[in-house]
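Structure file my_file35.csv (CSV, C-alpha atoms) is printed below.
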chain,number,residue,atom,x,y,z
H,1,MET,CA,-4.4,5.7,-53.9
H,2,TRP,CA,-4.7,9.0,-52.0
H,3,ALA,CA,-1.9,10.6,-54.0
H,4,ASN,CA,-3.7,9.7,-57.3
H,5,PHE,CA,-6.9,11.3,-56.0
H,6,ALA,CA,-5.2,14.4,-54.8
H,7,LEU,CA,-3.2,14.8,-58.1
H,8,PHE,CA,-6.3,14.3,-60.2
H,9,ASN,CA,-8.2,17.0,-58.2
H,10,PHE,CA,-5.4,19.5,-58.4
H,11,VAL,CA,-5.0,19.1,-62.2
H,12,ASN,CA,-8.7,19.1,-63.0
H,13,ASN,CA,-9.8,21.9,-60.7
H,14,SER,CA,-7.1,24.5,-61.4
H,15,LYS,CA,-6.5,27.3,-63.8
H,16,LEU,CA,-3.2,27.6,-65.7
H,17,ILE,CA,-0.8,30.2,-64.6
H,18,ASN,CA,1.7,32.4,-66.4
H,19,LEU,CA,4.4,33.9,-64.3
H,20,PRO,CA,6.4,37.0,-65.2
H,21,ASP,CA,9.6,36.7,-67.1
H,22,ASN,CA,11.7,37.5,-64.0
H,23,SER,CA,10.2,34.8,-61.7
H,24,VAL,CA,13.6,32.9,-61.6
H,25,LYS,CA,15.9,35.8,-60.7
H,26,SER,CA,19.1,33.9,-60.0
H,27,LEU,CA,18.9,32.1,-63.4
H,28,SER,CA,17.8,35.1,-65.5
H,29,SER,CA,21.2,35.7,-66.9
H,30,HIS,CA,20.9,32.3,-68.6
H,31,ASN,CA,17.6,33.0,-70.2
H,32,ILE,CA,15.6,30.7,-67.9
H,33,LYS,CA,12.4,32.6,-67.6
H,34,SER,CA,9.4,31.0,-65.9
H,35,LEU,CA,7.6,28.0,-64.5
H,36,PRO,CA,6.2,25.3,-66.6
H,37,ASP,CA,2.6,26.1,-67.8
H,38,VAL,CA,0.8,23.9,-65.4
H,39,PRO,CA,-1.8,24.5,-62.6
H,40,LYS,CA,-0.5,26.4,-59.6
H,41,GLN,CA,-2.2,23.9,-57.3
H,42,PHE,CA,-0.4,21.0,-59.0
H,43,LEU,CA,2.9,22.7,-58.4
H,44,GLN,CA,2.1,23.3,-54.8
H,45,TRP,CA,1.1,19.7,-54.3
H,46,PHE,CA,4.2,18.5,-56.2
H,47,VAL,CA,6.5,20.5,-54.0
H,48,GLY,CA,4.9,19.0,-50.9
H,49,PHE,CA,5.2,15.6,-52.4
H,50,VAL,CA,8.9,16.1,-53.2
H,51,ASP,CA,9.5,17.3,-49.6
H,52,ALA,CA,8.5,13.8,-48.5
H,53,GLU,CA,9.6,11.6,-51.4
H,54,GLY,CA,12.0,13.5,-53.7
H,55,CYS,CA,15.8,13.6,-54.0
H,56,PHE,CA,18.3,15.9,-55.6
H,57,SER,CA,21.7,14.4,-56.6
H,58,ILE,CA,25.0,15.6,-58.0
H,59,TYR,CA,27.4,13.2,-59.8
H,60,PRO,CA,30.9,14.5,-60.6
H,61,ASN,CA,32.4,12.2,-63.3
H,62,ARG,CA,35.4,10.1,-62.6
H,63,ASN,CA,37.9,12.0,-64.7
H,64,GLY,CA,37.0,15.4,-63.1
H,65,THR,CA,35.9,17.2,-66.3
H,66,SER,CA,32.2,17.4,-65.8
H,67,VAL,CA,29.3,16.9,-63.5
H,68,SER,CA,25.8,15.6,-64.0
H,69,PHE,CA,22.6,16.1,-62.0
H,70,GLU,CA,19.5,14.2,-61.2
H,71,PHE,CA,16.1,14.9,-59.6
H,72,ARG,CA,14.1,11.8,-58.7
H,73,ILE,CA,11.1,10.5,-56.8
H,74,ASN,CA,11.1,6.9,-55.6
H,75,LEU,CA,7.8,5.2,-54.7
H,76,HIS,CA,6.5,1.7,-54.2
H,77,ILE,CA,5.6,0.1,-57.5
H,78,ASP,CA,1.9,0.2,-56.7
H,79,ASP,CA,2.1,4.0,-57.0
H,80,ILE,CA,3.7,4.1,-60.5
H,81,GLY,CA,0.6,5.8,-61.9
H,82,VAL,CA,1.3,8.9,-59.8
H,83,LEU,CA,4.9,9.1,-61.2
H,84,LYS,CA,3.6,8.7,-64.8
H,85,LYS,CA,1.1,11.6,-64.2
H,86,ILE,CA,3.9,13.8,-62.8
H,87,ALA,CA,6.1,13.0,-65.9
H,88,LYS,CA,3.2,13.7,-68.2
H,89,ILE,CA,2.1,17.0,-66.6
H,90,LEU,CA,5.7,18.4,-66.3
H,91,ASP,CA,6.6,16.9,-69.7
H,92,VAL,CA,10.1,15.9,-68.5
H,93,GLY,CA,11.8,12.9,-67.2
H,94,VAL,CA,11.2,9.1,-67.4
H,95,VAL,CA,9.5,6.6,-65.2
H,96,ARG,CA,11.4,3.3,-64.6
H,97,ILE,CA,10.6,0.2,-62.6
H,98,ASN,CA,13.2,-1.2,-60.2
H,99,LYS,CA,12.1,-4.8,-59.8
H,100,ASP,CA,14.8,-5.6,-57.3
H,101,ARG,CA,13.4,-3.1,-54.9
H,102,ASN,CA,9.8,-3.4,-55.9
H,103,SER,CA,9.7,0.3,-56.6
H,104,ALA,CA,9.2,2.9,-59.4
H,105,VAL,CA,11.3,6.0,-60.0
H,106,PHE,CA,10.5,9.2,-61.8
H,107,SER,CA,13.9,10.7,-62.8
H,108,VAL,CA,15.0,13.9,-64.6
H,109,LYS,CA,18.6,13.8,-65.8
H,110,LYS,CA,18.6,16.0,-68.8
H,111,PHE,CA,20.4,19.2,-67.7
H,112,ASN,CA,18.1,21.5,-69.8
H,113,ASP,CA,15.0,19.9,-68.2
H,114,ILE,CA,16.4,20.4,-64.7
H,115,VAL,CA,17.3,24.0,-65.4
H,116,ARG,CA,14.2,25.0,-67.3
H,117,VAL,CA,11.5,23.0,-65.4
H,118,ILE,CA,12.7,21.6,-62.1
H,119,LEU,CA,14.6,24.6,-60.7
H,120,PRO,CA,11.9,27.2,-61.4
H,121,ILE,CA,9.3,25.2,-59.6
H,122,PHE,CA,11.3,25.0,-56.3
H,123,GLN,CA,12.4,28.6,-56.5
H,124,GLU,CA,8.8,29.8,-56.8
H,125,PHE,CA,7.4,27.3,-54.3
H,126,PRO,CA,10.1,26.6,-51.7
H,127,LEU,CA,10.5,23.3,-50.0
H,128,GLN,CA,9.5,23.3,-46.3
H,129,THR,CA,11.8,20.7,-44.8
H,130,THR,CA,15.5,20.1,-44.7
H,131,LYS,CA,15.2,19.0,-48.3
H,132,TYR,CA,15.3,22.8,-49.0
H,133,LEU,CA,19.0,22.7,-47.9
H,134,ASP,CA,19.6,19.9,-50.4
H,135,PHE,CA,17.9,21.9,-53.1
H,136,THR,CA,20.0,25.0,-52.2
H,137,CYS,CA,23.2,23.0,-52.7
H,138,PHE,CA,21.8,21.4,-55.9
H,139,SER,CA,20.9,24.8,-57.4
H,140,GLU,CA,24.2,26.4,-56.4
H,141,ALA,CA,26.1,23.5,-58.1
H,142,ILE,CA,23.9,24.0,-61.3
H,143,LEU,CA,24.8,27.7,-61.3
H,144,ILE,CA,28.5,26.9,-61.1
H,145,LYS,CA,28.0,24.5,-64.1
H,146,LEU,CA,26.0,27.1,-66.0
H,147,ASN,CA,28.7,29.6,-65.6
H,148,SER,CA,31.2,27.1,-66.9
H,149,GLU,CA,29.3,26.2,-70.0
H,150,SER,CA,27.5,27.8,-72.9
H,151,PHE,CA,24.0,26.9,-71.8
H,152,GLY,CA,21.6,26.0,-74.6
H,153,THR,CA,24.3,25.1,-77.1
H,154,LYS,CA,26.2,21.9,-77.7
H,155,LYS,CA,29.5,23.6,-76.6
H,156,ILE,CA,30.7,22.1,-73.4
H,157,VAL,CA,33.6,23.7,-71.5
H,158,ARG,CA,35.5,21.7,-69.0
H,159,ILE,CA,34.7,22.7,-65.5
H,160,SER,CA,37.7,24.2,-63.7
H,161,GLU,CA,39.3,22.2,-60.9
H,162,THR,CA,38.2,25.0,-58.5
H,163,ASP,CA,34.6,24.8,-59.6
H,164,LEU,CA,34.6,21.0,-59.4
H,165,ILE,CA,35.9,21.2,-55.8
H,166,LYS,CA,33.1,23.7,-55.0
H,167,ILE,CA,30.5,21.3,-56.5
H,168,LYS,CA,32.0,18.3,-54.6
H,169,ASN,CA,31.8,20.3,-51.4
H,170,LEU,CA,28.1,21.2,-52.1
H,171,ARG,CA,27.4,17.5,-52.8
H,172,ALA,CA,29.1,16.4,-49.6
H,173,ASN,CA,26.6,18.6,-47.6
H,174,MET,CA,23.5,17.1,-49.3
H,175,ASN,CA,21.2,14.3,-48.2
H,176,SER,CA,22.8,11.8,-45.8
H,177,GLY,CA,26.2,13.7,-46.1
H,178,ARG,CA,24.8,16.7,-44.1
H,179,LEU,CA,25.7,15.7,-40.5
H,180,THR,CA,24.4,18.9,-38.8
H,181,ILE,CA,22.2,21.9,-39.4
H,182,ASP,CA,23.7,25.1,-38.1
H,183,LYS,CA,21.6,27.7,-36.3
H,184,GLU,CA,21.4,29.9,-39.4
H,185,GLN,CA,20.1,27.1,-41.6
H,186,LEU,CA,17.6,26.1,-38.9
H,187,ASP,CA,16.4,29.8,-38.6
H,188,ASN,CA,16.1,30.0,-42.4
H,189,LEU,CA,14.0,26.8,-42.5
H,190,THR,CA,11.8,28.0,-39.7
H,191,LYS,CA,11.1,31.3,-41.4
H,192,ARG,CA,10.3,29.5,-44.7
H,193,VAL,CA,7.5,27.3,-43.3
H,194,TYR,CA,4.3,28.5,-44.8
H,195,ILE,CA,1.0,26.8,-44.3
H,196,ASN,CA,-2.1,28.4,-46.0
H,197,VAL,CA,-5.1,27.5,-43.9
Can the structure from this file be put into structure tokens for me?
Amino acid sequence: MWANFALFNFVNNSKLINLPDNSVKSLSSHNIKSLPDVPKQFLQWFVGFVDAEGCFSIYPNRNGTSVSFEFRINLHIDDIGVLKKIAKILDVGVVRINKDRNSAVFSVKKFNDIVRVILPIFQEFPLQTTKYLDFTCFSEAILIKLNSESFGTKKIVRISETDLIKIKNLRANMNSGRLTIDKEQLDNLTKRVYINV
């Protein structure tokens, strides 16, 4: 219920933003230019929400020729309305019900949607928890794939074995696979925490 109220207020009390073309510097060589045209306050709320409830995943296929990506948020089925609003505002992804777990899932699997919508949000408004480390691995793996393919075309180039190994190593250090946080990662997280009071 609170999430619905907060989301409603952010969307209805905010101005739309347009960021400069270079707002996503590391992806600029692939013509990925800016954030989705949604209220800044929504994006800030969304990033905080993802810090608590979101997940970034990488799935190498079985025959070792490609890799897919997914961004998702899982909530109790009672909160499905929040996920539907997120999908509508961002204009990407799908919302599914998982009756076995009594949950709802907002999921973005289309590579173009991840690259053009999801990545720019978290590059402009960084995550504040260890989920930032997951996002870093996720975005590095996406850049490897982008450099292996002709982005924006139907042409798919097989990912090299070397690149696939790099992606698998990044995946192994995400989510529950990350066993430790080294001092450098901890320092980076501590420096990134920003609370606007």
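As for CA of Asp91 in chain H and CA of Glu53 in chain H, they are spaced 19.3 Å apart.
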Length of the CA of Val47 in chain H to CA of Phe106 in chain H vector [Å]: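 A separation of 14.3 Å between them.
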Spatial neighbours of Leu170 in chain H, 10 Å, only C-alpha atoms, chain gap at least 2 places, as number ranges by chain: H: 58, 134, 136-141, 164-168, 172-174, 177-178
Point-to-point distance in Å for CA of Ile80 in chain H and CA of Asp37 in chain H: 23.2 Å
Shortest interatomic distance to Thr130 in chain H - which of H:Cys55, H:Val95, H:Val38, H:Ile114, counting only C-alpha atoms: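 The closest residue to Thr130 in chain H is H:Cys55.
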